[in-house]
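This report concerns only the one structure given below.
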Amino acid sequence: MEENNKPVVNLISRPENMLKTIYTAARTCYSADMPINIYNSTDDEEKMLKLIERVVGSGHYSVIEHIQVTFAISNVSRACTHQLVRHRHMSFSQKSQRYVKEKGQFDYIIPPTIARDEELKAKFVEFMGEISQKYSEFVEAGIPAEDARAVLPNAAASSIVASLNLRELIHLANLRLCTRAQYEIRTMVKLMCDELVKVEPWLAPYLVPKCVRNGFCDEDKSCGRMPKLAQ
Ligand SMILES: Cc1cc2nc3c(=O)[nH]c(=O)nc-3n(C[C@H](O)[C@H](O)[C@H](O)COP(=O)(O)OP(=O)(O)OC[C@H]3O[C@@H](n4cnc5c(N)ncnc54)[C@H](O)[C@@H]3O)c2cc1C
């Protein structure tokens with residue numbers, strides 16, 4: 001992927017007390033004490049991580065649903081965001097092609113398989129120019145943007161704000177970091193995970209492709225990173 005073709009991903013919101021919140025939720029299940037007392041009496045990171053690993057490791061995922069994070073994402077194609085919005089436990093606000101009229105050449109993402117071939121790239125760029133011209137013709141003829149956008153391609157660049165809880169983020173990472181996922185969403189989700197791991201490094205072992213988590217691959221066409229389950 002060309003550098004300027006890369007998704008731009010920033011973590012813009014997260015709870016400051018992530019570990020403590022999860023620990024309090026998990027501990028509350030097994031304690032006679034009030035949650036607020038558990039919360040106020042805990043600062044031992046190692047102890048908190050140990051309990052969280054045990055609880056999450058045994059599939060008790062509701063405790064990590066208390067953590068909500070928000071990402072500001074741009075420079076991604078509509079093809080990429082279309083895949084992202086398939087995830088049903090996320091909240092989205094996306095740049096509208098109804099309300100934001102394209103002026104001049106619209107921004108677009110060139111897939112790296114095309115970008116790395118100068119001749120194909122030139123054809124791609126030329127075609128985007130033709131589409132842009134047609135779009136402008138429709139708009140100038142009085143067609144509303146919500147209809148003129150029908151000619152815009154999957155490659156058209158978009159911006160989206162995406163929020164999700166930690167359980168869904170782990171699920172998203174498990175599915176979309178898999179090499180079977182399309183390169184652009186894989187790149188974008190990796191950047192989302194990297195952003196969070198920068199501030200919460202203990203999350204790194206969870207934000208991995210599903211095969212790393214499971215120890216085996218369940219995909220039809222395996223990349224070979226992990227052994228396939230015996231048939
Ligand atoms: C490699 C890859 C290839 C794909 N190819 C295609 C394709 O060719 N065509 C296509 O249409 N899609 C495709 N998808 C999208 C895929 O089918 C899912 O729509 C998308 O990955 C969202 O996953 P999900 O449903 O597990 O997750 P989410 O929607 O994020 O939900 C998380 C989990 O919540 C539970 N859940 C959510 N909603 C329900 C519900 N209504 N009922 C029961 N449980 C629920 C499930 O356990 C689910 O796994 C592809 C995805 C990947 C990763």
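Lettering and numbering for the structure tokens are positional, with chains as A, B, ... in the shown order, residues counted from 1 in each chain, and ligands counted from 1 in the shown order.
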Sorted per-residue table, chain A near ligand 1, closest atoms and distance, 10 Å, only C-alpha atoms and all ligand atoms, as a Markdown table:
| residue | atom | partner | partner_atom_place_in_ligand_line | distance |
| --- | --- | --- | --- | --- |
| A:His82 | CA | ligand 1 | 15 (C) | 9.8 |
| A:Gln83 | CA | ligand 1 | 15 (C) | 6.7 |
| A:Leu84 | CA | ligand 1 | 20 (C) | 7.8 |
| A:Val85 | CA | ligand 1 | 22 (C) | 8.2 |
| A:Arg86 | CA | ligand 1 | 19 (O) | 5.0 |
| A:His87 | CA | ligand 1 | 30 (O) | 3.5 |
| A:Arg88 | CA | ligand 1 | 29 (O) | 3.7 |
| A:His89 | CA | ligand 1 | 30 (O) | 5.4 |
| A:Met90 | CA | ligand 1 | 30 (O) | 7.2 |
| A:Leu164 | CA | ligand 1 | 30 (O) | 9.5 |
| A:Arg167 | CA | ligand 1 | 32 (C) | 8.7 |
| A:Glu168 | CA | ligand 1 | 30 (O) | 6.1 |
| A:Leu169 | CA | ligand 1 | 30 (O) | 8.4 |
| A:Ile170 | CA | ligand 1 | 30 (O) | 9.7 |
| A:His171 | CA | ligand 1 | 32 (C) | 6.6 |
| A:Leu172 | CA | ligand 1 | 30 (O) | 6.4 |
| A:Ala173 | CA | ligand 1 | 53 (C) | 9.4 |
| A:Asn174 | CA | ligand 1 | 53 (C) | 8.5 |
| A:Leu175 | CA | ligand 1 | 53 (C) | 4.7 |
| A:Arg176 | CA | ligand 1 | 53 (C) | 5.2 |
| A:Leu177 | CA | ligand 1 | 53 (C) | 8.3 |
| A:Cys178 | CA | ligand 1 | 1 (C) | 7.1 |
| A:Thr179 | CA | ligand 1 | 1 (C) | 7.7 |
| A:Arg180 | CA | ligand 1 | 1 (C) | 4.6 |
| A:Ala181 | CA | ligand 1 | 1 (C) | 3.9 |
| A:Gln182 | CA | ligand 1 | 1 (C) | 6.8 |
| A:Ile185 | CA | ligand 1 | 53 (C) | 9.3 |
| A:Arg186 | CA | ligand 1 | 53 (C) | 9.2 |
| A:Glu219 | CA | ligand 1 | 1 (C) | 8.5 |
Item to check | Shell around Met48 (chain A) at 9 Å using only C-alpha atoms, local window under 2 positions removed, as a ChimeraX atom specification | outcome: /A:19-20,22-24,42-46,50-53
Checklist entry - If you run DSSP on the backbone, which residues of region 8-226 of chain A are strand (DSSP E or B), as an NGL selection string? => result :A and (8-13 or 68-77 or 90-94 or 108 or 156-165 or 217)
Take the selection from the previous step and output its residues with C-alpha atoms, as a PDB file, in the first residue's frame.
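The result, written out as again-v8.pdb:
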ATOM      1  CA  VAL A   8      -5.459   7.230   9.116  1.00  0.00           C
ATOM      2  CA  VAL A   9      -6.590   5.885  12.480  1.00  0.00           C
ATOM      3  CA  ASN A  10      -6.639   7.652  15.831  1.00  0.00           C
ATOM      4  CA  LEU A  11      -7.997   6.497  19.157  1.00  0.00           C
ATOM      5  CA  ILE A  12     -10.002   9.498  20.353  1.00  0.00           C
ATOM      6  CA  SER A  13     -11.775   8.140  23.394  1.00  0.00           C
ATOM      7  CA  GLN A  68     -15.998   1.482  25.186  1.00  0.00           C
ATOM      8  CA  VAL A  69     -13.429   2.961  22.801  1.00  0.00           C
ATOM      9  CA  THR A  70     -13.806   5.328  19.849  1.00  0.00           C
ATOM     10  CA  PHE A  71     -11.650   5.640  16.737  1.00  0.00           C
ATOM     11  CA  ALA A  72     -11.503   8.471  14.188  1.00  0.00           C
ATOM     12  CA  ILE A  73     -10.784   6.851  10.839  1.00  0.00           C
ATOM     13  CA  SER A  74     -10.146   8.450   7.475  1.00  0.00           C
ATOM     14  CA  ASN A  75      -8.461   7.804   4.133  1.00  0.00           C
ATOM     15  CA  VAL A  76     -10.224   4.479   3.744  1.00  0.00           C
ATOM     16  CA  SER A  77     -12.320   3.327   0.811  1.00  0.00           C
ATOM     17  CA  MET A  90     -20.409  -1.159  16.764  1.00  0.00           C
ATOM     18  CA  SER A  91     -21.679   2.426  16.466  1.00  0.00           C
ATOM     19  CA  PHE A  92     -20.809   4.520  13.430  1.00  0.00           C
ATOM     20  CA  SER A  93     -20.969   8.070  12.103  1.00  0.00           C
ATOM     21  CA  GLN A  94     -19.786   8.224   8.509  1.00  0.00           C
ATOM     22  CA  TYR A 108      -9.976   7.693  -3.718  1.00  0.00           C
ATOM     23  CA  ALA A 156     -14.049   6.597  -3.077  1.00  0.00           C
ATOM     24  CA  ALA A 157     -12.387   7.694   0.167  1.00  0.00           C
ATOM     25  CA  SER A 158     -14.443   8.026   3.300  1.00  0.00           C
ATOM     26  CA  SER A 159     -14.210   9.035   6.934  1.00  0.00           C
ATOM     27  CA  ILE A 160     -15.898   7.292   9.801  1.00  0.00           C
ATOM     28  CA  VAL A 161     -16.022   7.505  13.565  1.00  0.00           C
ATOM     29  CA  ALA A 162     -16.386   4.043  15.045  1.00  0.00           C
ATOM     30  CA  SER A 163     -17.107   3.076  18.645  1.00  0.00           C
ATOM     31  CA  LEU A 164     -17.152  -0.389  20.118  1.00  0.00           C
ATOM     32  CA  ASN A 165     -16.661  -2.237  23.336  1.00  0.00           C
ATOM     33  CA  CYS A 217      -6.868 -22.350  11.717  1.00  0.00           C
TER      34      CYS A 217
END
Item to check | Point-to-point distance in Å for CA of Ser132 (chain A) and CA of Val151 (chain A) | outcome: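 Interatomic distance, CA of Val151 (chain A) to CA of Ser132 (chain A): 8.6 Å.
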Next on the checklist: What does the structure give for the distance between CA of Glu184 (chain A) and CA of Ile114 (chain A), in Å to one decimal?
Outcome noted: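 Rounded to one decimal, the two atoms are 13.2 Å apart.
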